[in-house]
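Chemist: Structure file upload32.tsv (TSV, C-alpha atoms and all ligand atoms) is given on the next line.
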chain	number	residue	atom	x	y	z
E	50	MET	CA	-119.97	49.95	113.29
E	51	GLY	CA	-116.61	51.11	114.70
E	52	LYS	CA	-113.70	48.72	114.51
E	53	ILE	CA	-113.50	48.26	118.28
E	54	LYS	CA	-117.17	47.31	118.41
E	55	LYS	CA	-116.51	44.95	115.51
E	56	ILE	CA	-113.79	43.24	117.57
E	57	THR	CA	-116.37	42.65	120.30
E	58	GLU	CA	-118.68	41.00	117.75
E	59	GLU	CA	-115.88	38.83	116.35
E	60	VAL	CA	-114.88	37.67	119.85
E	61	ILE	CA	-118.48	36.66	120.53
E	62	ALA	CA	-118.55	34.83	117.17
E	63	GLY	CA	-115.22	33.16	117.98
E	64	ASN	CA	-113.63	34.39	114.77
E	65	VAL	CA	-109.86	34.21	115.34
E	66	ASP	CA	-108.95	35.61	111.91
E	67	GLY	CA	-111.40	38.47	112.22
E	68	VAL	CA	-110.14	39.46	115.66
E	69	THR	CA	-106.53	39.21	114.52
E	70	GLU	CA	-107.06	41.35	111.45
E	71	LEU	CA	-109.11	44.03	113.23
E	72	THR	CA	-106.71	44.21	116.16
E	73	LYS	CA	-103.68	44.62	113.89
E	74	GLY	CA	-105.55	47.23	111.88
E	75	LEU	CA	-106.39	49.28	114.96
E	76	ILE	CA	-102.83	49.10	116.26
E	77	ASP	CA	-101.60	50.37	112.88
E	78	GLU	CA	-104.08	53.22	113.12
E	79	GLY	CA	-102.60	54.14	116.49
E	80	GLU	CA	-105.41	52.98	118.77
E	81	LYS	CA	-104.35	52.49	122.41
E	82	PRO	CA	-103.81	48.81	123.32
E	83	SER	CA	-105.68	49.30	126.61
E	84	GLU	CA	-108.74	50.60	124.71
E	85	ILE	CA	-108.69	47.60	122.37
E	86	ILE	CA	-108.56	45.25	125.34
E	87	LYS	CA	-111.20	46.95	127.42
E	88	ASN	CA	-113.74	48.03	124.84
E	89	GLY	CA	-113.09	45.31	122.27
E	90	LEU	CA	-111.71	42.02	123.57
E	91	VAL	CA	-112.85	41.99	127.19
E	92	ALA	CA	-116.19	43.55	126.26
E	93	GLY	CA	-116.75	40.57	123.95
E	94	MET	CA	-115.89	38.05	126.64
E	95	ASP	CA	-118.22	39.88	129.03
E	96	VAL	CA	-121.12	39.31	126.66
E	97	VAL	CA	-120.11	35.67	126.27
E	98	GLY	CA	-119.96	35.20	130.05
E	99	GLY	CA	-123.45	36.67	130.40
E	100	ARG	CA	-124.88	34.49	127.67
E	101	PHE	CA	-123.25	31.39	129.15
E	102	LYS	CA	-124.91	32.13	132.46
E	103	LYS	CA	-128.31	32.41	130.82
E	104	ASN	CA	-127.72	29.14	128.94
E	105	GLU	CA	-127.72	31.01	125.64
E	106	MET	CA	-124.16	29.84	124.94
E	107	PHE	CA	-122.44	26.62	125.92
E	108	VAL	CA	-118.95	25.56	126.95
E	109	PRO	CA	-117.56	24.81	123.46
E	110	GLU	CA	-118.69	28.22	122.19
E	111	VAL	CA	-117.25	29.91	125.27
E	112	LEU	CA	-113.93	28.22	124.57
E	113	ILE	CA	-113.98	29.25	120.93
E	114	ALA	CA	-114.70	32.84	121.94
E	115	ALA	CA	-111.90	32.71	124.53
E	116	ARG	CA	-109.51	31.54	121.83
E	117	ALA	CA	-110.50	34.47	119.62
E	118	MET	CA	-109.96	36.85	122.53
E	119	ASP	CA	-106.58	35.23	123.15
E	120	ALA	CA	-105.56	35.84	119.54
E	121	GLY	CA	-106.19	39.56	120.03
E	122	MET	CA	-104.53	39.59	123.42
E	123	ALA	CA	-101.40	38.00	121.95
E	124	ILE	CA	-101.08	41.02	119.66
E	125	VAL	CA	-101.76	43.79	122.18
E	126	LYS	CA	-100.13	42.35	125.32
E	127	PRO	CA	-96.48	42.88	124.27
E	128	LEU	CA	-97.35	46.51	123.52
E	129	LEU	CA	-98.87	46.95	126.96
E	130	THR	CA	-95.81	45.82	128.85
E	131	GLU	CA	-93.55	48.14	126.86
E	132	GLY	CA	-95.83	51.09	126.76
E	133	GLU	CA	-98.36	53.17	128.66
E	134	ASP	CA	-99.82	50.69	131.09
E	135	SER	CA	-97.62	48.79	133.44
E	136	SER	CA	-99.24	46.18	135.69
E	137	ILE	CA	-101.69	47.46	138.29
E	138	GLY	CA	-101.12	44.47	140.54
E	139	ARG	CA	-99.94	40.88	140.63
E	140	ILE	CA	-102.34	37.96	140.93
E	141	ILE	CA	-101.69	34.26	141.28
E	142	MET	CA	-104.49	32.14	139.85
E	143	ALA	CA	-104.93	28.39	140.19
E	144	THR	CA	-107.42	25.58	140.49
E	145	VAL	CA	-107.16	23.82	143.84
E	146	GLU	CA	-105.78	20.36	144.60
E	147	GLY	CA	-107.79	17.44	143.24
E	148	ASP	CA	-109.58	19.63	140.73
E	149	LEU	CA	-108.75	19.72	137.02
E	150	HIS	CA	-111.42	22.16	135.82
E	151	ASP	CA	-109.67	25.16	134.35
E	152	ILE	CA	-111.99	26.76	131.82
E	153	GLY	CA	-113.48	29.26	134.27
E	154	LYS	CA	-110.15	29.93	135.94
E	155	ASN	CA	-108.57	30.64	132.55
E	156	LEU	CA	-111.39	33.01	131.63
E	157	VAL	CA	-111.04	34.93	134.87
E	158	ALA	CA	-107.25	35.06	134.38
E	159	MET	CA	-107.72	36.49	130.89
E	160	MET	CA	-110.16	39.12	132.09
E	161	LEU	CA	-107.76	40.15	134.84
E	162	GLU	CA	-104.93	40.42	132.34
E	163	GLY	CA	-107.18	42.45	130.12
E	164	ALA	CA	-107.81	44.79	133.03
E	165	GLY	CA	-104.05	45.33	133.42
E	166	PHE	CA	-103.09	42.85	136.12
E	167	GLU	CA	-100.02	40.66	135.89
E	168	VAL	CA	-101.37	37.14	136.22
E	169	ILE	CA	-99.25	34.19	137.26
E	170	ASP	CA	-101.20	31.06	136.41
E	171	LEU	CA	-100.08	28.04	138.42
E	172	GLY	CA	-102.45	25.74	136.56
E	173	VAL	CA	-104.61	23.05	138.13
E	174	ASP	CA	-104.40	20.65	141.08
E	175	ILE	CA	-102.52	23.09	143.31
E	176	SER	CA	-102.19	22.18	146.99
E	177	ALA	CA	-102.30	24.51	149.99
E	178	ASP	CA	-98.54	24.11	150.43
E	179	GLU	CA	-97.90	24.96	146.78
E	180	PHE	CA	-99.95	28.15	147.21
E	181	VAL	CA	-97.89	29.10	150.26
E	182	GLU	CA	-94.64	28.54	148.36
E	183	ALA	CA	-95.92	30.55	145.40
E	184	VAL	CA	-96.96	33.46	147.62
E	185	LYS	CA	-93.49	33.51	149.16
E	186	GLU	CA	-91.83	33.35	145.77
E	187	TYR	CA	-93.95	35.79	143.78
E	188	GLN	CA	-95.24	38.14	146.50
E	189	PRO	CA	-98.59	38.69	144.77
E	190	ASP	CA	-101.18	41.24	145.86
E	191	ILE	CA	-103.97	38.73	145.39
E	192	ILE	CA	-104.42	34.99	144.99
E	193	GLY	CA	-107.43	33.60	143.11
E	194	LEU	CA	-108.56	30.06	143.90
E	195	SER	CA	-110.92	28.15	141.67
E	196	ALA	CA	-112.90	24.99	142.56
E	197	LEU	CA	-115.58	23.31	140.48
E	198	LEU	CA	-116.15	20.29	142.68
E	199	THR	CA	-117.86	20.24	146.06
E	200	THR	CA	-115.18	17.75	147.10
E	201	THR	CA	-112.34	20.18	146.40
E	202	MET	CA	-113.88	23.30	147.98
E	203	PRO	CA	-112.36	22.43	151.40
E	204	VAL	CA	-108.89	22.92	149.87
E	205	MET	CA	-109.70	26.63	149.75
E	206	GLU	CA	-110.10	26.72	153.51
E	207	GLU	CA	-106.95	24.62	153.94
E	208	THR	CA	-105.05	27.08	151.79
E	209	ILE	CA	-106.15	30.04	153.91
E	210	LYS	CA	-105.16	28.14	157.07
E	211	SER	CA	-101.78	27.27	155.60
E	212	LEU	CA	-101.18	30.92	154.74
E	213	GLU	CA	-102.02	31.79	158.35
E	214	GLU	CA	-99.68	29.12	159.70
E	215	ALA	CA	-96.90	30.38	157.45
E	216	GLY	CA	-97.48	33.88	158.85
E	217	ILE	CA	-98.22	35.40	155.46
E	218	ARG	CA	-102.03	35.56	155.44
E	219	ASN	CA	-102.04	39.34	155.83
E	220	GLN	CA	-99.73	39.80	152.83
E	221	VAL	CA	-102.33	38.75	150.27
E	222	LYS	CA	-105.99	39.12	149.51
E	223	VAL	CA	-107.67	35.79	148.85
E	224	MET	CA	-110.35	35.65	146.18
E	225	VAL	CA	-112.36	32.48	145.57
E	226	GLY	CA	-114.70	31.32	142.84
E	227	GLY	CA	-116.10	28.45	140.80
E	228	ALA	CA	-119.62	27.19	140.21
E	229	PRO	CA	-120.24	25.56	143.63
E	230	VAL	CA	-118.63	28.42	145.59
E	231	SER	CA	-120.84	31.11	147.12
E	232	GLU	CA	-120.45	34.39	148.94
E	233	ASP	CA	-121.51	32.66	152.18
E	234	PHE	CA	-118.91	29.95	151.73
E	235	ALA	CA	-116.26	32.57	151.02
E	236	ASN	CA	-117.14	34.39	154.25
E	237	GLU	CA	-117.24	31.17	156.22
E	238	ILE	CA	-113.69	30.19	155.27
E	239	GLY	CA	-112.32	33.70	155.77
E	240	ALA	CA	-111.67	34.62	152.14
E	241	ASP	CA	-111.49	38.32	151.29
E	242	GLY	CA	-113.60	38.15	148.16
E	243	TYR	CA	-115.90	36.06	146.02
E	244	ALA	CA	-117.02	36.55	142.44
E	245	ALA	CA	-119.34	34.55	140.23
E	246	ASP	CA	-117.79	35.76	136.99
E	247	GLY	CA	-114.74	37.34	135.43
E	248	SER	CA	-115.95	40.90	135.28
E	249	THR	CA	-116.98	40.95	138.95
E	250	ALA	CA	-113.64	39.32	139.81
E	251	THR	CA	-111.93	42.16	137.98
E	252	ASP	CA	-113.91	44.79	139.91
E	253	ILE	CA	-113.03	43.16	143.23
E	254	ALA	CA	-109.36	42.81	142.30
E	255	ARG	CA	-109.24	46.49	141.35
E	256	GLU	CA	-110.67	47.40	144.76
E	257	PHE	CA	-108.06	45.25	146.48
E	258	VAL	CA	-105.16	47.14	144.91
E	259	SER	CA	-106.65	50.64	145.06
D	1	LIG	C1	-116.14	21.05	131.39
D	1	LIG	C2	-116.37	20.18	132.59
D	1	LIG	C3	-115.45	19.17	132.83
D	1	LIG	C4	-114.19	18.97	132.00
D	1	LIG	C5	-113.14	19.99	132.46
D	1	LIG	C6	-112.24	20.49	131.34
D	1	LIG	C7	-111.41	21.63	131.77
D	1	LIG	N1	-110.25	21.74	131.15
D	1	LIG	O1	-111.76	22.44	132.63
D	1	LIG	C8	-113.82	17.49	132.36
D	1	LIG	C9	-114.47	16.58	131.35
D	1	LIG	C10	-112.33	17.18	132.42
D	1	LIG	C11	-114.54	17.31	133.70
D	1	LIG	C12	-114.18	16.34	134.61
D	1	LIG	C13	-114.90	16.08	135.78
D	1	LIG	N2	-116.04	16.69	136.16
D	1	LIG	CO1	-116.74	18.28	135.32
D	1	LIG	N3	-117.74	19.63	134.48
D	1	LIG	C14	-117.51	20.38	133.43
D	1	LIG	C15	-118.70	21.33	133.19
D	1	LIG	C16	-119.58	20.71	132.09
D	1	LIG	C17	-118.41	22.75	132.81
D	1	LIG	C18	-117.46	23.52	133.72
D	1	LIG	C19	-117.02	24.77	133.02
D	1	LIG	O2	-115.95	24.83	132.44
D	1	LIG	N4	-117.86	25.79	133.00
D	1	LIG	C20	-117.62	27.03	132.23
D	1	LIG	C21	-116.86	28.05	133.06
D	1	LIG	C22	-116.72	29.33	132.26
D	1	LIG	O3	-117.61	28.32	134.22
D	1	LIG	P1	-116.99	28.20	135.70
D	1	LIG	O4	-115.95	27.17	135.72
D	1	LIG	O5	-118.09	28.12	136.66
D	1	LIG	O6	-116.22	29.58	135.90
D	1	LIG	C23	-116.87	30.82	136.06
D	1	LIG	C24	-117.21	31.16	137.50
D	1	LIG	O7	-117.44	30.05	138.32
D	1	LIG	C25	-116.08	32.04	137.97
D	1	LIG	N5	-114.86	31.43	138.50
D	1	LIG	C26	-114.28	30.25	138.24
D	1	LIG	N6	-113.12	30.14	138.89
D	1	LIG	C27	-112.92	31.28	139.58
D	1	LIG	C28	-111.90	31.67	140.43
D	1	LIG	C29	-111.95	32.91	141.04
D	1	LIG	C30	-110.85	33.35	141.93
D	1	LIG	C31	-113.07	33.77	140.80
D	1	LIG	C32	-113.16	35.06	141.48
D	1	LIG	C33	-114.11	33.35	139.95
D	1	LIG	C34	-114.03	32.11	139.35
D	1	LIG	O8	-115.77	32.76	136.81
D	1	LIG	C35	-115.84	31.88	135.67
D	1	LIG	C36	-116.18	32.71	134.46
D	1	LIG	O9	-117.48	33.24	134.52
D	1	LIG	C37	-119.41	21.28	134.60
D	1	LIG	C38	-120.91	21.53	134.61
D	1	LIG	C39	-121.24	22.99	134.72
D	1	LIG	N7	-122.20	23.39	133.98
D	1	LIG	O10	-120.63	23.73	135.50
D	1	LIG	C40	-119.02	19.89	135.11
D	1	LIG	C41	-118.94	19.62	136.61
D	1	LIG	C42	-118.24	20.77	137.31
D	1	LIG	N8	-118.09	18.43	136.66
D	1	LIG	C43	-118.46	17.58	137.58
D	1	LIG	C44	-117.81	16.34	137.84
D	1	LIG	C45	-118.48	15.45	138.88
D	1	LIG	C46	-116.63	15.98	137.18
D	1	LIG	C47	-115.84	14.68	137.38
D	1	LIG	C48	-115.69	14.18	138.82
D	1	LIG	C49	-116.52	13.65	136.49
D	1	LIG	C50	-116.04	12.22	136.60
D	1	LIG	N9	-116.85	11.42	137.26
D	1	LIG	O11	-114.97	11.93	136.10
D	1	LIG	C51	-114.47	15.00	136.73
D	1	LIG	C52	-113.48	15.54	137.79
D	1	LIG	C53	-112.11	15.80	137.24
D	1	LIG	C54	-111.31	16.54	138.26
D	1	LIG	N10	-110.57	15.88	139.12
D	1	LIG	O12	-111.37	17.76	138.30
D	1	LIG	C55	-119.68	18.08	138.35
D	1	LIG	C56	-119.33	18.59	139.75
D	1	LIG	C57	-120.36	18.15	140.79
D	1	LIG	C58	-120.02	18.74	142.11
D	1	LIG	N11	-120.93	19.55	142.61
D	1	LIG	O13	-119.01	18.49	142.69
D	1	LIG	C59	-120.26	19.15	137.36
D	1	LIG	C60	-121.02	20.29	138.04
D	1	LIG	C61	-121.19	18.38	136.38
D	1	LIG	C62	-122.40	17.80	137.07
D	1	LIG	N12	-123.53	18.47	136.99
D	1	LIG	O14	-122.33	16.76	137.66
D	1	LIG	N13	-115.52	18.22	133.85
Could you spell out this file's structure in structure tokens?

Modeler:
Amino acid sequence: MGKIKKITEEVIAGNVDGVTELTKGLIDEGEKPSEIIKNGLVAGMDVVGGRFKKNEMFVPEVLIAARAMDAGMAIVKPLLTEGEDSSIGRIIMATVEGDLHDIGKNLVAMMLEGAGFEVIDLGVDISADEFVEAVKEYQPDIIGLSALLTTTMPVMEETIKSLEEAGIRNQVKVMVGGAPVSEDFANEIGADGYAADGSTATDIAREFVS
């Protein structure tokens, strides 16, 4: 098995030491950081996401895998910003007001970073007004809103309305997601995109900036 493929396996297994060692080894051998991310680290998280969806893996294992991916990312990310790949777009990610679930949001943020986006993570419990301020401050290409509670989904619509009222709705693409969110809901509230998982989110984000 090639070393990049081995990284994928170690991410799935959640082996921080294994990922760290293999990633360092590949860098020393002159492998491109973007290849390690795409074909090693993100590929592993893709498998994990798929297995989670099919109930073959559960939240704790997903978190352990994400931590292993993070360990690899910490090594390759500084090399990315210096070297070949500069950011392909800027994305603000956050979980909406009243909602503290951040596991899925963090996963999506990591996948987007892996795909070469600059991600500004505002964290959790972010109000419509805070989104508006952040868009003004950071001028992102895209904002990604996460909600895991049916009671906090309306904040997504509020956020879009607030962006409209502030006159900056057309400056950003709005992407929404989270377990209770659907394509229909996204259309209903006037979002530009919806994704059920990190790899689809990455595809959509790429389209937005192309
Ligand atoms: C872990 C968890 C918690 C943890 C959160 C820890 C953390 N740091 O996130 C804790 C224990 C804190 C918690 C608290 C609560 N929880 Co909770 N929680 C969950 C649980 C078990 C897993 C969620 C999760 O992390 N999934 C794993 C990730 C990877 O999946 P994901 O979030 O869906 O994300 C993926 C996609 O949705 C998408 N995605 C996510 N965000 C975004 C954003 C964008 C832009 C895009 C494109 C895509 C995208 O990509 C991700 C990767 O594939 C779910 C049940 C479930 N199976 O969903 C309940 C669940 C979400 N919780 C629930 C509830 C009710 C609560 C509480 C109200 C419980 C209580 N009575 O105190 C509180 C609310 C706290 C608050 N104010 O937010 C309910 C929600 C019911 C509803 N329909 O509203 C659920 C569904 C459980 C249930 N069956 O009742 N919870």

Chemist: Using all atoms listed in the file, determine which residues lie at most 12 Å from Thr199 (chain E), disregarding the query and same-chain residues fewer than 2 positions distant; provide the list as an MDAnalysis selection string.

Modeler: chainID E and resid 145 147:148 195:197 201:205 226:231 234

Chemist: Restricting the calculation to all atoms listed in the file: of E:Leu198, E:Leu129, E:Ile113, E:Val225, which residue gets closest to Lys154 (chain E)?

Modeler: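 Counting all atoms listed in the file, the residue closest to Lys154 (chain E) is E:Val225.
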
Chemist: So which one's closest to ligand LIG 1 (chain D), E:Leu212, E:Leu128, E:Ala250, E:Ala183? Using all atoms listed in the file, please.

Modeler: E:Ala250

Chemist: Considering all atoms listed in the file, can you say which of E:Ala114, E:Ile175, E:Val108, E:Met50 comes closest to ligand LIG 1 (chain D)?

Modeler: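 Smallest distance to ligand LIG 1 (chain D) is found for E:Val108.
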
Chemist: Starting from 3 Å padding per side, set up an axis-aligned box that covers all listed atoms of ligand LIG 1 (chain D) and hand over centre and edge lengths in Å, one decimal, as AutoDock Vina command-line options.

Modeler:
--center_x -116.9 --center_y 23.2 --center_z 136.9 --size_x 19.3 --size_y 29.6 --size_z 17.5

Chemist: Report, in Å to a single decimal, how far apart CA of Ile61 (chain E) and CA of Glu105 (chain E) are.

Modeler: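 Interatomic distance here is 12.0 Å.
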
Chemist: Give me, please, the distance in Å between CA of Lys102 (chain E) and atom C19 of ligand LIG 1 (chain D), quoted to one decimal.

Modeler: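 So the answer is 10.8 Å.
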
Chemist: From the list E:Val181, E:Arg116, E:Glu232, E:Leu194, which residue is nearest Ala245 (chain E) when using all atoms listed in the file?

Modeler: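 Looking at the shortest contact to Ala245 (chain E), the residue is E:Glu232.
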
Chemist: Check the smallest atom-to-atom distance from each of E:Phe107, E:Phe257, E:Tyr187, E:Phe180 to ligand LIG 1 (chain D) using only C-alpha atoms and all ligand atoms, then report the winner.

Modeler: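 Once distances to ligand LIG 1 (chain D) are computed over only C-alpha atoms and all ligand atoms, the minimum belongs to E:Phe107.
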
Chemist: So the first atom is atom C49 of ligand LIG 1 (chain D) and the second is CA of Leu171 (chain E); what is the distance between them in Å, to one decimal place?

Modeler: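 Separation between atom C49 of ligand LIG 1 (chain D) and CA of Leu171 (chain E): 21.9 Å.
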
Chemist: Using only C-alpha atoms, what residues lie at most 7 Å away from (-102.0, 22.4, 140.8) (file coordinates), given as a PDB file with C-alpha atoms, keeping the file's coordinate frame?

Modeler:
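What follows is the written file selection-v7.pdb:
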ATOM      1  CA  ALA E 143    -104.930  28.390 140.190  1.00  0.00           C
ATOM      2  CA  THR E 144    -107.420  25.580 140.490  1.00  0.00           C
ATOM      3  CA  VAL E 145    -107.160  23.820 143.840  1.00  0.00           C
ATOM      4  CA  GLU E 146    -105.780  20.360 144.600  1.00  0.00           C
ATOM      5  CA  LEU E 171    -100.080  28.040 138.420  1.00  0.00           C
ATOM      6  CA  GLY E 172    -102.450  25.740 136.560  1.00  0.00           C
ATOM      7  CA  VAL E 173    -104.610  23.050 138.130  1.00  0.00           C
ATOM      8  CA  ASP E 174    -104.400  20.650 141.080  1.00  0.00           C
ATOM      9  CA  ILE E 175    -102.520  23.090 143.310  1.00  0.00           C
ATOM     10  CA  SER E 176    -102.190  22.180 146.990  1.00  0.00           C
TER      11      SER E 176
END

Chemist: I need every residue sitting at most 9 Å from the point (-110.9, 34.5, 150.0) (coordinates as in the file, only C-alpha atoms considered), written as a PyMOL selection string.

Modeler: chain E and resi 192-194+205-206+209+222-226+235-236+238-243

Chemist: Any chance you could export the current selection's C-alpha atoms as an mmCIF file, in the frame of the given file?

Modeler:
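Okay, this is what ended up in part.cif:
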data_model
loop_
_atom_site.group_PDB
_atom_site.id
_atom_site.type_symbol
_atom_site.label_atom_id
_atom_site.label_comp_id
_atom_site.auth_asym_id
_atom_site.auth_seq_id
_atom_site.Cartn_x
_atom_site.Cartn_y
_atom_site.Cartn_z
ATOM 1 C CA ILE E 192 -104.420 34.990 144.990
ATOM 2 C CA GLY E 193 -107.430 33.600 143.110
ATOM 3 C CA LEU E 194 -108.560 30.060 143.900
ATOM 4 C CA MET E 205 -109.700 26.630 149.750
ATOM 5 C CA GLU E 206 -110.100 26.720 153.510
ATOM 6 C CA ILE E 209 -106.150 30.040 153.910
ATOM 7 C CA LYS E 222 -105.990 39.120 149.510
ATOM 8 C CA VAL E 223 -107.670 35.790 148.850
ATOM 9 C CA MET E 224 -110.350 35.650 146.180
ATOM 10 C CA VAL E 225 -112.360 32.480 145.570
ATOM 11 C CA GLY E 226 -114.700 31.320 142.840
ATOM 12 C CA ALA E 235 -116.260 32.570 151.020
ATOM 13 C CA ASN E 236 -117.140 34.390 154.250
ATOM 14 C CA ILE E 238 -113.690 30.190 155.270
ATOM 15 C CA GLY E 239 -112.320 33.700 155.770
ATOM 16 C CA ALA E 240 -111.670 34.620 152.140
ATOM 17 C CA ASP E 241 -111.490 38.320 151.290
ATOM 18 C CA GLY E 242 -113.600 38.150 148.160
ATOM 19 C CA TYR E 243 -115.900 36.060 146.020
#

Chemist: Would you kindly return, as a list of chain:residue names, each protein, DNA or RNA residue with an atom no farther than 7 Å from any atom of Val221 (chain E), considering all atoms listed in the file and excluding same-chain residues fewer than 5 positions away?

Modeler: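 Within the cut-off, the hits are E:Pro189, E:Asp190, E:Ile191, E:Ile192.
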
Chemist: Distance table requested - region 90-146 of chain E against region 64-75 of chain E, cut-off 10 Å, only C-alpha atoms: one row per qualifying residue with the closest atom pair and its distance in Å to one decimal, ordered by chain and rising residue number, as CSV.

Modeler:
residue,atom,partner,partner_atom,distance
E:Leu90,CA,E:Val68,CA,8.5
E:Ile113,CA,E:Asn64,CA,8.0
E:Ala114,CA,E:Asn64,CA,7.4
E:Ala115,CA,E:Val65,CA,9.5
E:Arg116,CA,E:Val65,CA,7.0
E:Ala117,CA,E:Val65,CA,4.3
E:Met118,CA,E:Val68,CA,7.4
E:Asp119,CA,E:Val65,CA,8.5
E:Ala120,CA,E:Thr69,CA,6.1
E:Gly121,CA,E:Thr69,CA,5.5
E:Met122,CA,E:Thr72,CA,8.9
E:Ala123,CA,E:Thr69,CA,9.1
E:Ile124,CA,E:Lys73,CA,7.3
E:Val125,CA,E:Thr72,CA,7.8
